[in-house]
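Here's the structure we're looking at; comments come further down.
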Amino acid sequence: MPELAPFHIAFPVDDLGAARHFYGTILGCPEGRSDTDWIDFNLYGHQIVAHRVDTPRPAAAHNPVDGHAVPVPHFGVVLPPAEWQALADRLKAAGTKFVIEPHTRFPGQPGEQSTMFFHDPAGNALEFKAFADLRQLFAK
């Protein structure tokens, strides 16, 4: 695959301290710039920004995928398998409650992948996945 350009996403949080702990300590994202109402994090080379908001979040939607109710919206990163497993182990050790436990989705089919879903302290859904063969990322 060609080298990818970093993406940027901004997402709402209600507690910057909780976001700093979750993204910085549990997920291991180095912190970049910050201000009183936002924090930049480096998520595997991508710029994600937690913005403090006071407005209530809309109710999450779900979409059925491979027998699971996938939370929508969500964001995350496709990791190499060993990094994915290390992250899953770190999240379990931190007591993270998974929306969808780490498992293999679509076994033996195009697009076979390891995946897990969980929420940050503000309720934002995240998915991290891994492919044994990254060429399967867009396989039909």
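Each chain in the structure tokens gets a letter, A, B, ..., in the order shown, and its residues are numbered from 1; ligands are numbered from 1 in order too.
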| alpha helix (DSSP H) residues, from DSSP on the backbone, in chain A, as JSON, numbers by chain | {"A": [16, 17, 18, 19, 81, 82, 83, 84, 85, 86, 87, 88, 89, 90, 91, 92, 93]}
Could you write those residues out with all heavy atoms, as a compact mmCIF listing (two decimals), in the first residue's frame?
```txt
# COMPACT_ATOMS: atom_id res chain seq x y z
N LEU A 16 -11.78 17.44 29.74
CA LEU A 16 -10.46 17.36 29.13
C LEU A 16 -9.48 16.54 29.95
O LEU A 16 -8.61 15.86 29.39
CB LEU A 16 -9.89 18.77 28.89
CG LEU A 16 -10.48 19.53 27.72
CD1 LEU A 16 -9.89 20.93 27.66
CD2 LEU A 16 -10.27 18.80 26.41
N GLY A 17 -9.61 16.55 31.26
CA GLY A 17 -8.73 15.73 32.10
C GLY A 17 -8.93 14.25 31.84
O GLY A 17 -7.96 13.49 31.74
N ALA A 18 -10.19 13.83 31.74
CA ALA A 18 -10.48 12.43 31.44
C ALA A 18 -9.98 12.06 30.05
O ALA A 18 -9.45 10.97 29.84
CB ALA A 18 -11.98 12.16 31.57
N ALA A 19 -10.15 12.98 29.08
CA ALA A 19 -9.67 12.73 27.72
C ALA A 19 -8.15 12.63 27.72
O ALA A 19 -7.58 11.74 27.07
CB ALA A 19 -10.13 13.84 26.78
N PRO A 81 -0.97 -6.51 13.29
CA PRO A 81 -1.54 -7.44 14.26
C PRO A 81 -0.89 -7.41 15.65
O PRO A 81 -1.60 -7.44 16.66
CB PRO A 81 -1.38 -8.80 13.59
CG PRO A 81 -1.44 -8.48 12.12
CD PRO A 81 -0.73 -7.16 11.99
N ALA A 82 0.42 -7.35 15.73
CA ALA A 82 1.08 -7.36 17.04
C ALA A 82 0.74 -6.09 17.84
O ALA A 82 0.53 -6.16 19.06
CB ALA A 82 2.59 -7.50 16.89
N GLU A 83 0.68 -4.94 17.17
CA GLU A 83 0.31 -3.69 17.85
C GLU A 83 -1.15 -3.73 18.29
O GLU A 83 -1.51 -3.23 19.35
CB GLU A 83 0.57 -2.48 16.96
CG GLU A 83 2.02 -2.13 16.82
CD GLU A 83 2.23 -0.86 16.03
OE1 GLU A 83 1.61 0.18 16.38
OE2 GLU A 83 3.01 -0.89 15.06
N TRP A 84 -2.01 -4.30 17.44
CA TRP A 84 -3.42 -4.43 17.78
C TRP A 84 -3.58 -5.27 19.05
O TRP A 84 -4.31 -4.91 19.97
CB TRP A 84 -4.20 -5.05 16.61
CG TRP A 84 -5.67 -5.20 16.87
CD1 TRP A 84 -6.63 -4.27 16.63
CD2 TRP A 84 -6.32 -6.34 17.43
NE1 TRP A 84 -7.86 -4.77 17.00
CE2 TRP A 84 -7.69 -6.04 17.49
CE3 TRP A 84 -5.90 -7.58 17.88
CZ2 TRP A 84 -8.63 -6.93 17.99
CZ3 TRP A 84 -6.83 -8.47 18.37
CH2 TRP A 84 -8.18 -8.14 18.43
N GLN A 85 -2.88 -6.41 19.09
CA GLN A 85 -2.97 -7.29 20.26
C GLN A 85 -2.42 -6.60 21.51
O GLN A 85 -3.01 -6.70 22.59
CB GLN A 85 -2.21 -8.60 20.02
CG GLN A 85 -2.43 -9.62 21.13
CD GLN A 85 -3.90 -10.00 21.29
OE1 GLN A 85 -4.53 -10.49 20.35
NE2 GLN A 85 -4.46 -9.75 22.46
N ALA A 86 -1.32 -5.86 21.37
CA ALA A 86 -0.76 -5.14 22.51
C ALA A 86 -1.75 -4.09 23.02
O ALA A 86 -1.91 -3.91 24.24
CB ALA A 86 0.57 -4.49 22.13
N LEU A 87 -2.43 -3.40 22.10
CA LEU A 87 -3.43 -2.42 22.51
C LEU A 87 -4.60 -3.11 23.20
O LEU A 87 -5.07 -2.65 24.24
CB LEU A 87 -3.92 -1.61 21.31
CG LEU A 87 -5.04 -0.60 21.60
CD1 LEU A 87 -4.60 0.44 22.64
CD2 LEU A 87 -5.49 0.08 20.31
N ALA A 88 -5.09 -4.21 22.65
CA ALA A 88 -6.19 -4.95 23.27
C ALA A 88 -5.80 -5.37 24.69
O ALA A 88 -6.59 -5.23 25.63
CB ALA A 88 -6.56 -6.17 22.43
N ASP A 89 -4.58 -5.86 24.86
CA ASP A 89 -4.11 -6.28 26.19
C ASP A 89 -4.04 -5.08 27.14
O ASP A 89 -4.43 -5.18 28.31
CB ASP A 89 -2.75 -6.95 26.08
CG ASP A 89 -2.80 -8.29 25.34
OD1 ASP A 89 -3.90 -8.86 25.17
OD2 ASP A 89 -1.72 -8.75 24.92
N ARG A 90 -3.54 -3.93 26.65
CA ARG A 90 -3.44 -2.72 27.47
C ARG A 90 -4.83 -2.24 27.88
O ARG A 90 -5.05 -1.85 29.04
CB ARG A 90 -2.69 -1.65 26.70
CG ARG A 90 -2.17 -0.53 27.56
CD ARG A 90 -1.11 0.32 26.90
NE ARG A 90 -1.56 1.04 25.73
CZ ARG A 90 -1.11 0.82 24.48
NH1 ARG A 90 -0.21 -0.10 24.24
NH2 ARG A 90 -1.58 1.54 23.47
N LEU A 91 -5.78 -2.27 26.96
CA LEU A 91 -7.15 -1.84 27.27
C LEU A 91 -7.80 -2.77 28.30
O LEU A 91 -8.45 -2.31 29.24
CB LEU A 91 -7.99 -1.79 26.00
CG LEU A 91 -7.64 -0.66 25.03
CD1 LEU A 91 -8.26 -0.92 23.66
CD2 LEU A 91 -8.09 0.68 25.58
N LYS A 92 -7.59 -4.06 28.14
CA LYS A 92 -8.14 -5.02 29.11
C LYS A 92 -7.53 -4.79 30.49
O LYS A 92 -8.24 -4.78 31.50
CB LYS A 92 -7.86 -6.46 28.66
CG LYS A 92 -8.71 -6.90 27.49
CD LYS A 92 -8.33 -8.30 27.05
CE LYS A 92 -9.05 -8.70 25.78
NZ LYS A 92 -8.64 -10.03 25.30
N ALA A 93 -6.21 -4.57 30.55
CA ALA A 93 -5.53 -4.34 31.83
C ALA A 93 -6.02 -3.06 32.50
O ALA A 93 -6.03 -2.97 33.73
CB ALA A 93 -4.01 -4.28 31.61
```
| message | Give me, as a ChimeraX atom specification, all polymer residues having an atom no more than 9 Å from Arg52 in chain A, counting only C-alpha atoms and skipping those fewer than 3 positions away in the same chain. | response | /A:11-16,36-39
Would you save the residues of that selection, restricted to N, CA and C atoms, as a compact mmCIF listing (two decimals), in the first residue's frame?
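Contents of selection-v6.txt, freshly written:
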```txt
# COMPACT_ATOMS: atom_id res chain seq x y z
N PHE A 11 -13.30 15.88 17.79
CA PHE A 11 -14.44 15.19 18.41
C PHE A 11 -14.74 15.82 19.76
N PRO A 12 -16.00 15.73 20.21
CA PRO A 12 -16.40 16.39 21.45
C PRO A 12 -16.09 15.55 22.69
N VAL A 13 -15.69 16.24 23.75
CA VAL A 13 -15.53 15.62 25.06
C VAL A 13 -16.10 16.58 26.10
N ASP A 14 -16.50 16.04 27.24
CA ASP A 14 -17.03 16.90 28.29
C ASP A 14 -16.04 17.11 29.43
N ASP A 15 -14.90 16.40 29.41
CA ASP A 15 -13.91 16.49 30.48
C ASP A 15 -12.52 16.32 29.86
N LEU A 16 -11.78 17.44 29.74
CA LEU A 16 -10.46 17.36 29.13
C LEU A 16 -9.48 16.54 29.95
N THR A 36 -7.19 25.85 26.65
CA THR A 36 -8.13 25.59 27.74
C THR A 36 -9.31 24.74 27.31
N ASP A 37 -9.61 24.68 26.01
CA ASP A 37 -10.80 23.95 25.56
C ASP A 37 -10.52 22.86 24.53
N TRP A 38 -9.24 22.53 24.28
CA TRP A 38 -8.95 21.48 23.31
C TRP A 38 -7.54 20.92 23.54
N ILE A 39 -7.35 19.67 23.07
CA ILE A 39 -6.05 19.00 23.15
C ILE A 39 -5.83 18.24 21.86
```
| field | Close residues, Val77 in chain A itself excluded, 10 Å, only C-alpha atoms, min 3 positions apart in chain, as a PyMOL selection string | value | chain A and resi 43-46+80+84+126-130
| message | Calculated over only C-alpha atoms, which of the candidates A:Val53, A:Val72, A:Val78, A:Asp66 has the smallest distance to Leu4 in chain A? | response |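 Closest to Leu4 in chain A, using only C-alpha atoms: A:Val78.
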| query | So, counting only C-alpha atoms, which residue among A:His21, A:His51, A:His62, A:Arg57 is closest to Ile100 in chain A? | reply |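 Of A:His21, A:His51, A:His62, A:Arg57, the one nearest Ile100 in chain A is A:His62, counting only C-alpha atoms.
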Report as a tab-separated table: every residue of range 39-118 of chain A with an atom at most 8 Å from range 133-139 of chain A, its closest pair of atoms, and their distance in Å to one decimal, counting only C-alpha atoms, with rows sorted by chain and ascending residue number.
```
residue	atom	partner	partner_atom	distance
A:Pro110	CA	A:Ala139	CA	5.5
A:Gly111	CA	A:Gln136	CA	4.9
A:Glu112	CA	A:Gln136	CA	7.2
```
| task | Fewer than 3 positions away in the same chain doesn't count, so skip those; otherwise give me all residues within 12 Å of Asn42 in chain A, counting only C-alpha atoms, as a PyMOL selection string. | result | chain A and resi 6-9+20+23-24+27-33+39+45-50+77
| query | Pick from A:Pro73, A:Phe22, A:Phe41, A:Glu3: nearest to Pro121 in chain A, with only C-alpha atoms counted? | reply | A:Phe22
| task | Skip Phe98 in chain A itself and residues of its chain fewer than 3 positions away, then list as a list of chain:residue names all residues within 7 Å of it, counting only C-alpha atoms. | result | A:Glu101, A:Phe117, A:Phe118
Write the selection just made, keeping N, CA and C atoms, as a CSV table (one decimal), in the first residue's frame?
```csv
chain,number,residue,atom,x,y,z
A,101,GLU,N,-16.1,-7.0,22.1
A,101,GLU,CA,-14.8,-7.6,22.5
A,101,GLU,C,-13.9,-7.8,21.4
A,117,PHE,N,-14.2,-2.7,19.6
A,117,PHE,CA,-14.9,-1.4,19.8
A,117,PHE,C,-15.0,-1.1,21.3
A,118,PHE,N,-14.8,0.2,21.6
A,118,PHE,CA,-15.0,0.7,23.0
A,118,PHE,C,-15.3,2.2,22.9
```
| task | Would you please extract all strand (DSSP E or B) residues from range 10-110 of chain A, as assigned by DSSP on the backbone, and give them as a PyMOL selection string? | result | chain A and resi 10-13+31-35+38-43+46-52+61-65+68-72+74-75+78-79+98-105
Restrict the selected residues to N, CA and C atoms and save them as a short mmCIF file (atom, residue, chain, number, x, y, z; two decimals), in the first residue's frame.
```
data_model
loop_
_atom_site.label_atom_id
_atom_site.label_comp_id
_atom_site.auth_asym_id
_atom_site.auth_seq_id
_atom_site.Cartn_x
_atom_site.Cartn_y
_atom_site.Cartn_z
N ALA A 10 -11.71 16.04 14.68
CA ALA A 10 -12.02 16.74 15.92
C ALA A 10 -13.29 16.09 16.48
N PHE A 11 -13.30 15.88 17.79
CA PHE A 11 -14.44 15.19 18.41
C PHE A 11 -14.74 15.82 19.76
N PRO A 12 -16.00 15.73 20.21
CA PRO A 12 -16.40 16.39 21.45
C PRO A 12 -16.09 15.55 22.69
N VAL A 13 -15.69 16.24 23.75
CA VAL A 13 -15.53 15.62 25.06
C VAL A 13 -16.10 16.58 26.10
N GLU A 31 0.78 13.84 23.44
CA GLU A 31 0.01 15.08 23.38
C GLU A 31 0.76 16.12 22.56
N GLY A 32 0.02 16.83 21.73
CA GLY A 32 0.58 17.94 20.97
C GLY A 32 0.19 19.25 21.61
N ARG A 33 -0.24 20.19 20.78
CA ARG A 33 -0.67 21.49 21.30
C ARG A 33 -1.96 21.33 22.08
N SER A 34 -2.20 22.31 22.96
CA SER A 34 -3.47 22.32 23.70
C SER A 34 -3.78 23.74 24.12
N ASP A 35 -5.01 23.92 24.55
CA ASP A 35 -5.48 25.21 25.06
C ASP A 35 -6.48 24.87 26.16
N TRP A 38 -9.24 22.53 24.28
CA TRP A 38 -8.95 21.48 23.31
C TRP A 38 -7.54 20.92 23.54
N ILE A 39 -7.35 19.67 23.07
CA ILE A 39 -6.05 19.00 23.15
C ILE A 39 -5.83 18.24 21.86
N ASP A 40 -4.67 18.45 21.23
CA ASP A 40 -4.23 17.64 20.09
C ASP A 40 -3.55 16.38 20.60
N PHE A 41 -3.83 15.25 19.96
CA PHE A 41 -3.14 14.00 20.25
C PHE A 41 -2.62 13.40 18.95
N ASN A 42 -1.52 12.69 19.06
CA ASN A 42 -0.94 11.96 17.93
C ASN A 42 -1.40 10.51 18.05
N LEU A 43 -2.38 10.13 17.26
CA LEU A 43 -2.91 8.77 17.24
C LEU A 43 -2.26 8.02 16.08
N HIS A 46 -1.65 10.29 13.26
CA HIS A 46 -2.82 11.06 12.83
C HIS A 46 -3.18 12.07 13.90
N GLN A 47 -3.64 13.24 13.48
CA GLN A 47 -3.98 14.30 14.42
C GLN A 47 -5.45 14.20 14.81
N ILE A 48 -5.67 13.89 16.09
CA ILE A 48 -7.03 13.89 16.62
C ILE A 48 -7.10 14.99 17.67
N VAL A 49 -8.22 15.66 17.74
CA VAL A 49 -8.35 16.80 18.64
C VAL A 49 -9.61 16.65 19.49
N ALA A 50 -9.40 16.59 20.79
CA ALA A 50 -10.52 16.54 21.74
C ALA A 50 -10.92 17.98 22.05
N HIS A 51 -12.17 18.34 21.72
CA HIS A 51 -12.69 19.68 21.99
C HIS A 51 -13.72 19.59 23.11
N ARG A 52 -13.51 20.39 24.15
CA ARG A 52 -14.48 20.40 25.26
C ARG A 52 -15.75 21.11 24.80
N ALA A 61 -26.12 5.74 17.19
CA ALA A 61 -26.84 4.78 16.35
C ALA A 61 -26.01 3.51 16.28
N HIS A 62 -26.60 2.45 15.78
CA HIS A 62 -25.90 1.19 15.61
C HIS A 62 -26.27 0.58 14.27
N ASN A 63 -25.34 -0.18 13.73
CA ASN A 63 -25.55 -0.84 12.45
C ASN A 63 -25.12 -2.30 12.61
N PRO A 64 -25.94 -3.26 12.18
CA PRO A 64 -25.54 -4.66 12.33
C PRO A 64 -24.43 -5.04 11.34
N VAL A 65 -23.32 -5.59 11.88
CA VAL A 65 -22.21 -6.07 11.07
C VAL A 65 -21.73 -7.37 11.67
N HIS A 68 -22.97 -8.25 15.14
CA HIS A 68 -22.74 -7.31 16.23
C HIS A 68 -23.39 -5.97 15.90
N ALA A 69 -23.79 -5.24 16.95
CA ALA A 69 -24.33 -3.88 16.78
C ALA A 69 -23.17 -2.90 16.84
N VAL A 70 -22.72 -2.46 15.68
CA VAL A 70 -21.57 -1.56 15.56
C VAL A 70 -22.03 -0.13 15.83
N PRO A 71 -21.37 0.57 16.79
CA PRO A 71 -21.75 1.95 17.06
C PRO A 71 -21.32 2.88 15.93
N VAL A 72 -22.23 3.79 15.57
CA VAL A 72 -21.99 4.76 14.50
C VAL A 72 -22.37 6.14 15.04
N HIS A 74 -17.99 6.16 14.56
CA HIS A 74 -16.82 5.73 15.30
C HIS A 74 -15.58 6.06 14.47
N PHE A 75 -14.42 6.05 15.13
CA PHE A 75 -13.16 6.26 14.42
C PHE A 75 -12.10 5.40 15.08
N VAL A 78 -6.22 1.25 11.71
CA VAL A 78 -5.86 -0.12 11.33
C VAL A 78 -4.40 -0.30 11.73
N LEU A 79 -4.15 -1.24 12.61
CA LEU A 79 -2.82 -1.48 13.15
C LEU A 79 -2.24 -2.79 12.65
N PHE A 98 -15.59 -3.10 26.78
CA PHE A 98 -15.70 -3.16 25.32
C PHE A 98 -17.17 -3.18 24.90
N VAL A 99 -17.47 -2.44 23.85
CA VAL A 99 -18.79 -2.52 23.21
C VAL A 99 -18.84 -3.82 22.42
N ILE A 100 -17.76 -4.11 21.72
CA ILE A 100 -17.57 -5.38 21.01
C ILE A 100 -16.17 -5.86 21.38
N GLU A 101 -16.10 -6.99 22.05
CA GLU A 101 -14.84 -7.55 22.53
C GLU A 101 -13.88 -7.81 21.37
N PRO A 102 -12.58 -7.77 21.62
CA PRO A 102 -11.61 -8.12 20.58
C PRO A 102 -11.90 -9.52 20.02
N HIS A 103 -11.99 -9.61 18.71
CA HIS A 103 -12.28 -10.88 18.06
C HIS A 103 -11.93 -10.79 16.57
N THR A 104 -12.06 -11.92 15.87
CA THR A 104 -11.84 -11.96 14.43
C THR A 104 -13.18 -11.91 13.73
N ARG A 105 -13.30 -10.97 12.81
CA ARG A 105 -14.53 -10.77 12.04
C ARG A 105 -14.29 -11.31 10.63
#
```
| Can you tell me how far CA of Thr115 in chain A sits from CA of Pro56 in chain A, in Å to one decimal? |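 Separation of CA of Thr115 in chain A and CA of Pro56 in chain A: 28.4 Å.
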